[in-house]
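Participant: Handing you a structure now.
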Amino acid sequence: MAELKLAVRMDAIPGTGASATALRKSLTIAASMGVRSVELCGRTHVPVSELSDTGVRTLRKILDDLNLRIASIRFQTRFGYDVTDHLDERVDATKSAMKTAYRLGAPLIINQIGTVPPRPQSIDQAVKKAGSSLLLGSSSESDDADWSNDLPADLAAELANSIASSRIGKAIAGQGAKGSEASRWETLREVMDDLGRYGAKVGCFLAAETGTESGQDLAALLDAIPDTFVPVALNPGQLIINRFRVDEAINALASRISIVHAVDGVLDLAAGRGVSVPVGEGTADFPSMLGRLEDIPYRGPFVVGRPEMRPETAIMELQQSLEYLRNL
């Protein structure tokens, strides 16, 4: 196996801030751990939506001085792209982050795109159903009504499809995150297609982080965009926490995996939920995982660090995580 490309998640290092002085100090700590790349937070470390040309030059100078590069920039939005409320603003902010990330030399920005529902059995049926519900309303008296009796069949079908396929129609039919799964799935597909095409244009892609759905469901969504490439950030810890199988996710997502977050997880049966734990202390089988990734073959970075790390032990945990992966 080729030598692993290791990186550190900077928001795991205590004291990392947005000022040049604080960021240089934290990046110096990361460089002292022997890594050659880092993952920055696009909200706290590098406010990508408002970073000036001077800020870009300053940060690139700091990175060059320390012989570091940016593996990725984490750009977490408050809601996923399946929530239609303020969706345009989230998409525009994501595109702005991708553009700034490219200027910083980062090939990826990372976000959890929203919970991906299973692919609807029939997308065409789902769209027509959404259009019908818009025409009929949501009252119980209209649930079984046949709206085609009141309009010519061809006009009724055309009108339903036109309404359902519009963004306003999806917003009404889907009612944001609480809408039908078919409406949410189609919204996610359209947004990922748009962002994928934009990434190819600007040279920096949005990577969808795993964890809130199975690898198979995420793959089904991305495979429905045949002409656009959307990469994936594999997070085994989040998959375990949400009771999904890591090996199945790797098999389903395969060549789409462009970055790996080396996070471990375990199910806390007493608490009835999953929790992230230091690498090697959970149920993630990293030796087997590396073997599966090698078969793809995967040549991207492995990022250590998790947001729940305690400040007093964070540096030690990062060093131990790096050592664990190096020993593999």
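Starting from 1 in every chain, residues are counted up; chains themselves are A, B, ... following the order of the structure tokens, and ligands are numbered from 1 as listed.
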Mind checking which residues fall within 7 Å of Arg69 (chain A), counting only C-alpha atoms, ignoring those fewer than 2 positions away in the same chain, and posting them as a ChimeraX atom specification?

Facilitator: /A:36-38,63,67,71

Participant: Just want the 9 Å neighbourhood of Met33 (chain A), counted on only C-alpha atoms, with same-chain residues fewer than 2 positions away dropped. Output as a PDB file with all heavy atoms, in the first residue's frame.

Facilitator:
```pdb
ATOM      1  N   VAL A   8      -4.821  17.134   8.975  1.00  0.00           N
ATOM      2  CA  VAL A   8      -5.406  17.445  10.280  1.00  0.00           C
ATOM      3  C   VAL A   8      -6.574  18.404  10.099  1.00  0.00           C
ATOM      4  O   VAL A   8      -6.482  19.381   9.336  1.00  0.00           O
ATOM      5  CB  VAL A   8      -4.357  18.076  11.225  1.00  0.00           C
ATOM      6  CG1 VAL A   8      -5.027  18.674  12.461  1.00  0.00           C
ATOM      7  CG2 VAL A   8      -3.325  17.046  11.640  1.00  0.00           C
ATOM      8  N   THR A  28       1.114  25.912  12.546  1.00  0.00           N
ATOM      9  CA  THR A  28       2.458  25.478  12.957  1.00  0.00           C
ATOM     10  C   THR A  28       2.376  24.196  13.777  1.00  0.00           C
ATOM     11  O   THR A  28       3.204  23.286  13.615  1.00  0.00           O
ATOM     12  CB  THR A  28       3.150  26.588  13.766  1.00  0.00           C
ATOM     13  OG1 THR A  28       3.245  27.773  12.966  1.00  0.00           O
ATOM     14  CG2 THR A  28       4.547  26.155  14.190  1.00  0.00           C
ATOM     15  N   ILE A  29       1.384  24.105  14.647  1.00  0.00           N
ATOM     16  CA  ILE A  29       1.182  22.878  15.434  1.00  0.00           C
ATOM     17  C   ILE A  29       0.885  21.708  14.507  1.00  0.00           C
ATOM     18  O   ILE A  29       1.433  20.611  14.667  1.00  0.00           O
ATOM     19  CB  ILE A  29       0.038  23.076  16.453  1.00  0.00           C
ATOM     20  CG1 ILE A  29       0.430  24.108  17.502  1.00  0.00           C
ATOM     21  CG2 ILE A  29      -0.323  21.747  17.117  1.00  0.00           C
ATOM     22  CD1 ILE A  29      -0.695  24.464  18.462  1.00  0.00           C
ATOM     23  N   ALA A  30       0.015  21.928  13.509  1.00  0.00           N
ATOM     24  CA  ALA A  30      -0.320  20.864  12.568  1.00  0.00           C
ATOM     25  C   ALA A  30       0.915  20.409  11.791  1.00  0.00           C
ATOM     26  O   ALA A  30       1.159  19.208  11.617  1.00  0.00           O
ATOM     27  CB  ALA A  30      -1.408  21.342  11.610  1.00  0.00           C
ATOM     28  N   ALA A  31       1.720  21.373  11.332  1.00  0.00           N
ATOM     29  CA  ALA A  31       2.923  21.028  10.576  1.00  0.00           C
ATOM     30  C   ALA A  31       3.905  20.241  11.426  1.00  0.00           C
ATOM     31  O   ALA A  31       4.613  19.346  10.925  1.00  0.00           O
ATOM     32  CB  ALA A  31       3.581  22.301  10.039  1.00  0.00           C
ATOM     33  N   VAL A  35       2.282  16.333   9.101  1.00  0.00           N
ATOM     34  CA  VAL A  35       1.342  16.285   7.983  1.00  0.00           C
ATOM     35  C   VAL A  35       1.713  17.339   6.958  1.00  0.00           C
ATOM     36  O   VAL A  35       2.447  18.286   7.252  1.00  0.00           O
ATOM     37  CB  VAL A  35      -0.105  16.501   8.460  1.00  0.00           C
ATOM     38  CG1 VAL A  35      -0.499  15.434   9.472  1.00  0.00           C
ATOM     39  CG2 VAL A  35      -0.292  17.889   9.060  1.00  0.00           C
ATOM     40  N   LEU A 318      -4.971  13.823  18.418  1.00  0.00           N
ATOM     41  CA  LEU A 318      -4.581  13.989  17.021  1.00  0.00           C
ATOM     42  C   LEU A 318      -3.281  13.243  16.725  1.00  0.00           C
ATOM     43  O   LEU A 318      -3.157  12.545  15.703  1.00  0.00           O
ATOM     44  CB  LEU A 318      -4.419  15.475  16.692  1.00  0.00           C
ATOM     45  CG  LEU A 318      -5.703  16.308  16.615  1.00  0.00           C
ATOM     46  CD1 LEU A 318      -5.359  17.790  16.492  1.00  0.00           C
ATOM     47  CD2 LEU A 318      -6.563  15.867  15.442  1.00  0.00           C
ATOM     48  N   GLN A 319      -2.306  13.381  17.613  1.00  0.00           N
ATOM     49  CA  GLN A 319      -1.025  12.695  17.419  1.00  0.00           C
ATOM     50  C   GLN A 319      -1.200  11.177  17.443  1.00  0.00           C
ATOM     51  O   GLN A 319      -0.607  10.460  16.628  1.00  0.00           O
ATOM     52  CB  GLN A 319      -0.036  13.140  18.501  1.00  0.00           C
ATOM     53  CG  GLN A 319       0.383  14.598  18.380  1.00  0.00           C
ATOM     54  CD  GLN A 319       1.188  15.082  19.565  1.00  0.00           C
ATOM     55  OE1 GLN A 319       1.016  14.610  20.690  1.00  0.00           O
ATOM     56  NE2 GLN A 319       2.069  16.058  19.341  1.00  0.00           N
ATOM     57  N   LEU A 322      -2.845  10.002  14.179  1.00  0.00           N
ATOM     58  CA  LEU A 322      -1.874   9.978  13.081  1.00  0.00           C
ATOM     59  C   LEU A 322      -0.944   8.777  13.203  1.00  0.00           C
ATOM     60  O   LEU A 322      -0.647   8.096  12.206  1.00  0.00           O
ATOM     61  CB  LEU A 322      -1.073  11.279  13.071  1.00  0.00           C
ATOM     62  CG  LEU A 322      -1.839  12.549  12.687  1.00  0.00           C
ATOM     63  CD1 LEU A 322      -1.012  13.792  12.974  1.00  0.00           C
ATOM     64  CD2 LEU A 322      -2.240  12.515  11.213  1.00  0.00           C
TER      65      LEU A 322
END
```

Participant: One number please: CA of Leu195 (chain A) to CA of Leu104 (chain A), in Å, one decimal.

Facilitator: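 Calculated distance between CA of Leu195 (chain A) and CA of Leu104 (chain A) is 18.8 Å.
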
Participant: Measuring between only C-alpha atoms, which one of A:Arg60, A:Asp88, A:Gln216, A:Ile110 shows the shortest distance to Ala20 (chain A)?

Facilitator: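 Smallest distance to Ala20 (chain A) is found for A:Arg60.
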
Participant: Of the candidates A:Gln112, A:Thr212, A:Thr44, A:Pro107, which one gets nearest to Thr77 (chain A) if we count only C-alpha atoms?

Facilitator: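 Of A:Gln112, A:Thr212, A:Thr44, A:Pro107, the one nearest Thr77 (chain A), counting only C-alpha atoms, is A:Gln112.
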
Participant: Just asking: which residues within region 155-306 of chain A are alpha helix (DSSP H) according to DSSP, as an MDAnalysis selection string?

Facilitator: chainID A and resid 155:165 167:174 181:202 215:223 236:241 246:253 286:295

Participant: Using only C-alpha atoms, what table do you get, as JSON lines, when you list each residue of region 178-262 of chain A with an atom no more than 12 Å from region 273-283 of chain A, its nearest pair of atoms, and their distance in Å rounded to one decimal, rows by chain then rising number?

Facilitator:
```
{"residue": "A:Gly211", "atom": "CA", "partner": "A:Gly274", "partner_atom": "CA", "distance": 11.5}
{"residue": "A:Asn235", "atom": "CA", "partner": "A:Ser276", "partner_atom": "CA", "distance": 10.8}
{"residue": "A:Pro236", "atom": "CA", "partner": "A:Thr283", "partner_atom": "CA", "distance": 9.6}
{"residue": "A:Gly237", "atom": "CA", "partner": "A:Ser276", "partner_atom": "CA", "distance": 6.1}
{"residue": "A:Gln238", "atom": "CA", "partner": "A:Ser276", "partner_atom": "CA", "distance": 7.5}
{"residue": "A:Leu239", "atom": "CA", "partner": "A:Gly274", "partner_atom": "CA", "distance": 9.6}
{"residue": "A:Ile240", "atom": "CA", "partner": "A:Gly274", "partner_atom": "CA", "distance": 7.2}
{"residue": "A:Ile241", "atom": "CA", "partner": "A:Gly274", "partner_atom": "CA", "distance": 4.0}
{"residue": "A:Asn242", "atom": "CA", "partner": "A:Gly274", "partner_atom": "CA", "distance": 6.6}
{"residue": "A:Arg243", "atom": "CA", "partner": "A:Gly274", "partner_atom": "CA", "distance": 7.9}
{"residue": "A:Phe244", "atom": "CA", "partner": "A:Gly274", "partner_atom": "CA", "distance": 11.0}
{"residue": "A:Arg245", "atom": "CA", "partner": "A:Thr283", "partner_atom": "CA", "distance": 10.6}
{"residue": "A:Val246", "atom": "CA", "partner": "A:Thr283", "partner_atom": "CA", "distance": 10.1}
{"residue": "A:His261", "atom": "CA", "partner": "A:Val279", "partner_atom": "CA", "distance": 10.4}
{"residue": "A:Ala262", "atom": "CA", "partner": "A:Val279", "partner_atom": "CA", "distance": 6.9}
```

Participant: The selected residues should be written to file as a PDB file, in the first residue's frame (atoms: N, CA, C and O atoms).

Facilitator:
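Dumped to selection_25.pdb:
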```pdb
ATOM      1  N   GLY A 211     -23.058   9.880   6.217  1.00  0.00           N
ATOM      2  CA  GLY A 211     -23.419   9.738   7.620  1.00  0.00           C
ATOM      3  C   GLY A 211     -24.891   9.853   7.914  1.00  0.00           C
ATOM      4  O   GLY A 211     -25.416   9.130   8.763  1.00  0.00           O
ATOM      5  N   ASN A 235     -17.024   9.442   5.824  1.00  0.00           N
ATOM      6  CA  ASN A 235     -16.874   9.611   7.267  1.00  0.00           C
ATOM      7  C   ASN A 235     -17.388   8.353   7.949  1.00  0.00           C
ATOM      8  O   ASN A 235     -18.587   8.240   8.243  1.00  0.00           O
ATOM      9  N   PRO A 236     -16.510   7.375   8.193  1.00  0.00           N
ATOM     10  CA  PRO A 236     -16.967   6.106   8.780  1.00  0.00           C
ATOM     11  C   PRO A 236     -17.592   6.264  10.154  1.00  0.00           C
ATOM     12  O   PRO A 236     -18.539   5.558  10.497  1.00  0.00           O
ATOM     13  N   GLY A 237     -17.074   7.198  10.960  1.00  0.00           N
ATOM     14  CA  GLY A 237     -17.622   7.404  12.290  1.00  0.00           C
ATOM     15  C   GLY A 237     -19.082   7.815  12.245  1.00  0.00           C
ATOM     16  O   GLY A 237     -19.916   7.301  13.005  1.00  0.00           O
ATOM     17  N   GLN A 238     -19.412   8.738  11.343  1.00  0.00           N
ATOM     18  CA  GLN A 238     -20.796   9.182  11.229  1.00  0.00           C
ATOM     19  C   GLN A 238     -21.706   8.075  10.711  1.00  0.00           C
ATOM     20  O   GLN A 238     -22.870   7.976  11.113  1.00  0.00           O
ATOM     21  N   LEU A 239     -21.195   7.249   9.832  1.00  0.00           N
ATOM     22  CA  LEU A 239     -21.992   6.110   9.357  1.00  0.00           C
ATOM     23  C   LEU A 239     -22.312   5.163  10.509  1.00  0.00           C
ATOM     24  O   LEU A 239     -23.451   4.707  10.658  1.00  0.00           O
ATOM     25  N   ILE A 240     -21.307   4.876  11.329  1.00  0.00           N
ATOM     26  CA  ILE A 240     -21.509   3.967  12.461  1.00  0.00           C
ATOM     27  C   ILE A 240     -22.492   4.559  13.458  1.00  0.00           C
ATOM     28  O   ILE A 240     -23.399   3.866  13.950  1.00  0.00           O
ATOM     29  N   ILE A 241     -22.337   5.835  13.762  1.00  0.00           N
ATOM     30  CA  ILE A 241     -23.219   6.501  14.715  1.00  0.00           C
ATOM     31  C   ILE A 241     -24.677   6.406  14.262  1.00  0.00           C
ATOM     32  O   ILE A 241     -25.586   6.218  15.078  1.00  0.00           O
ATOM     33  N   ASN A 242     -24.905   6.499  12.967  1.00  0.00           N
ATOM     34  CA  ASN A 242     -26.270   6.446  12.434  1.00  0.00           C
ATOM     35  C   ASN A 242     -26.672   5.051  11.985  1.00  0.00           C
ATOM     36  O   ASN A 242     -27.648   4.897  11.250  1.00  0.00           O
ATOM     37  N   ARG A 243     -25.883   4.040  12.401  1.00  0.00           N
ATOM     38  CA  ARG A 243     -26.216   2.622  12.207  1.00  0.00           C
ATOM     39  C   ARG A 243     -26.213   2.191  10.738  1.00  0.00           C
ATOM     40  O   ARG A 243     -27.046   1.405  10.301  1.00  0.00           O
ATOM     41  N   PHE A 244     -25.257   2.722   9.975  1.00  0.00           N
ATOM     42  CA  PHE A 244     -25.074   2.297   8.594  1.00  0.00           C
ATOM     43  C   PHE A 244     -23.735   1.566   8.470  1.00  0.00           C
ATOM     44  O   PHE A 244     -22.811   1.816   9.237  1.00  0.00           O
ATOM     45  N   ARG A 245     -23.630   0.690   7.504  1.00  0.00           N
ATOM     46  CA  ARG A 245     -22.428  -0.124   7.333  1.00  0.00           C
ATOM     47  C   ARG A 245     -21.405   0.607   6.468  1.00  0.00           C
ATOM     48  O   ARG A 245     -21.716   1.090   5.374  1.00  0.00           O
ATOM     49  N   VAL A 246     -20.185   0.668   6.983  1.00  0.00           N
ATOM     50  CA  VAL A 246     -19.114   1.369   6.278  1.00  0.00           C
ATOM     51  C   VAL A 246     -18.708   0.620   5.013  1.00  0.00           C
ATOM     52  O   VAL A 246     -18.492   1.233   3.961  1.00  0.00           O
ATOM     53  N   HIS A 261     -12.492  11.050   6.146  1.00  0.00           N
ATOM     54  CA  HIS A 261     -12.328  11.571   7.501  1.00  0.00           C
ATOM     55  C   HIS A 261     -12.165  10.384   8.438  1.00  0.00           C
ATOM     56  O   HIS A 261     -13.092   9.600   8.630  1.00  0.00           O
ATOM     57  N   ALA A 262     -10.954  10.255   8.974  1.00  0.00           N
ATOM     58  CA  ALA A 262     -10.639   9.111   9.841  1.00  0.00           C
ATOM     59  C   ALA A 262     -11.250   9.346  11.209  1.00  0.00           C
ATOM     60  O   ALA A 262     -10.590   9.775  12.158  1.00  0.00           O
TER      61      ALA A 262
END
```

Participant: For CA of Gly80 (chain A) and CA of Ile113 (chain A), determine how far apart the two atoms are, in Å to one decimal place.

Facilitator: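 Atom-to-atom, CA of Gly80 (chain A) to CA of Ile113 (chain A), that is 4.8 Å.
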
Participant: When DSSP is applied to the backbone of this structure, which of region 254-307 of chain A are assigned strand (DSSP E)? Write them out as a count of residues only.

Facilitator: 20

Participant: Tell me, as a list in words, which residues lie within 10 Å of Thr228 (chain A), counting only C-alpha atoms; anything in the same chain fewer than 2 positions away does not count.

Facilitator: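 In the requested format, the answer is Met192, Asp193, Asp194, Leu195, Gly196, Arg197, Tyr198, Gly199, Ala200, Leu222, Asp223, Ala224, Ile225, Pro226, Val230 and Pro231 of chain A.
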
Participant: Go ahead and compute the interatomic distance for CA of Ser183 (chain A) and CA of Arg256 (chain A), in Å to one decimal.

Facilitator: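 Result for CA of Ser183 (chain A) versus CA of Arg256 (chain A): 24.5 Å, one decimal.
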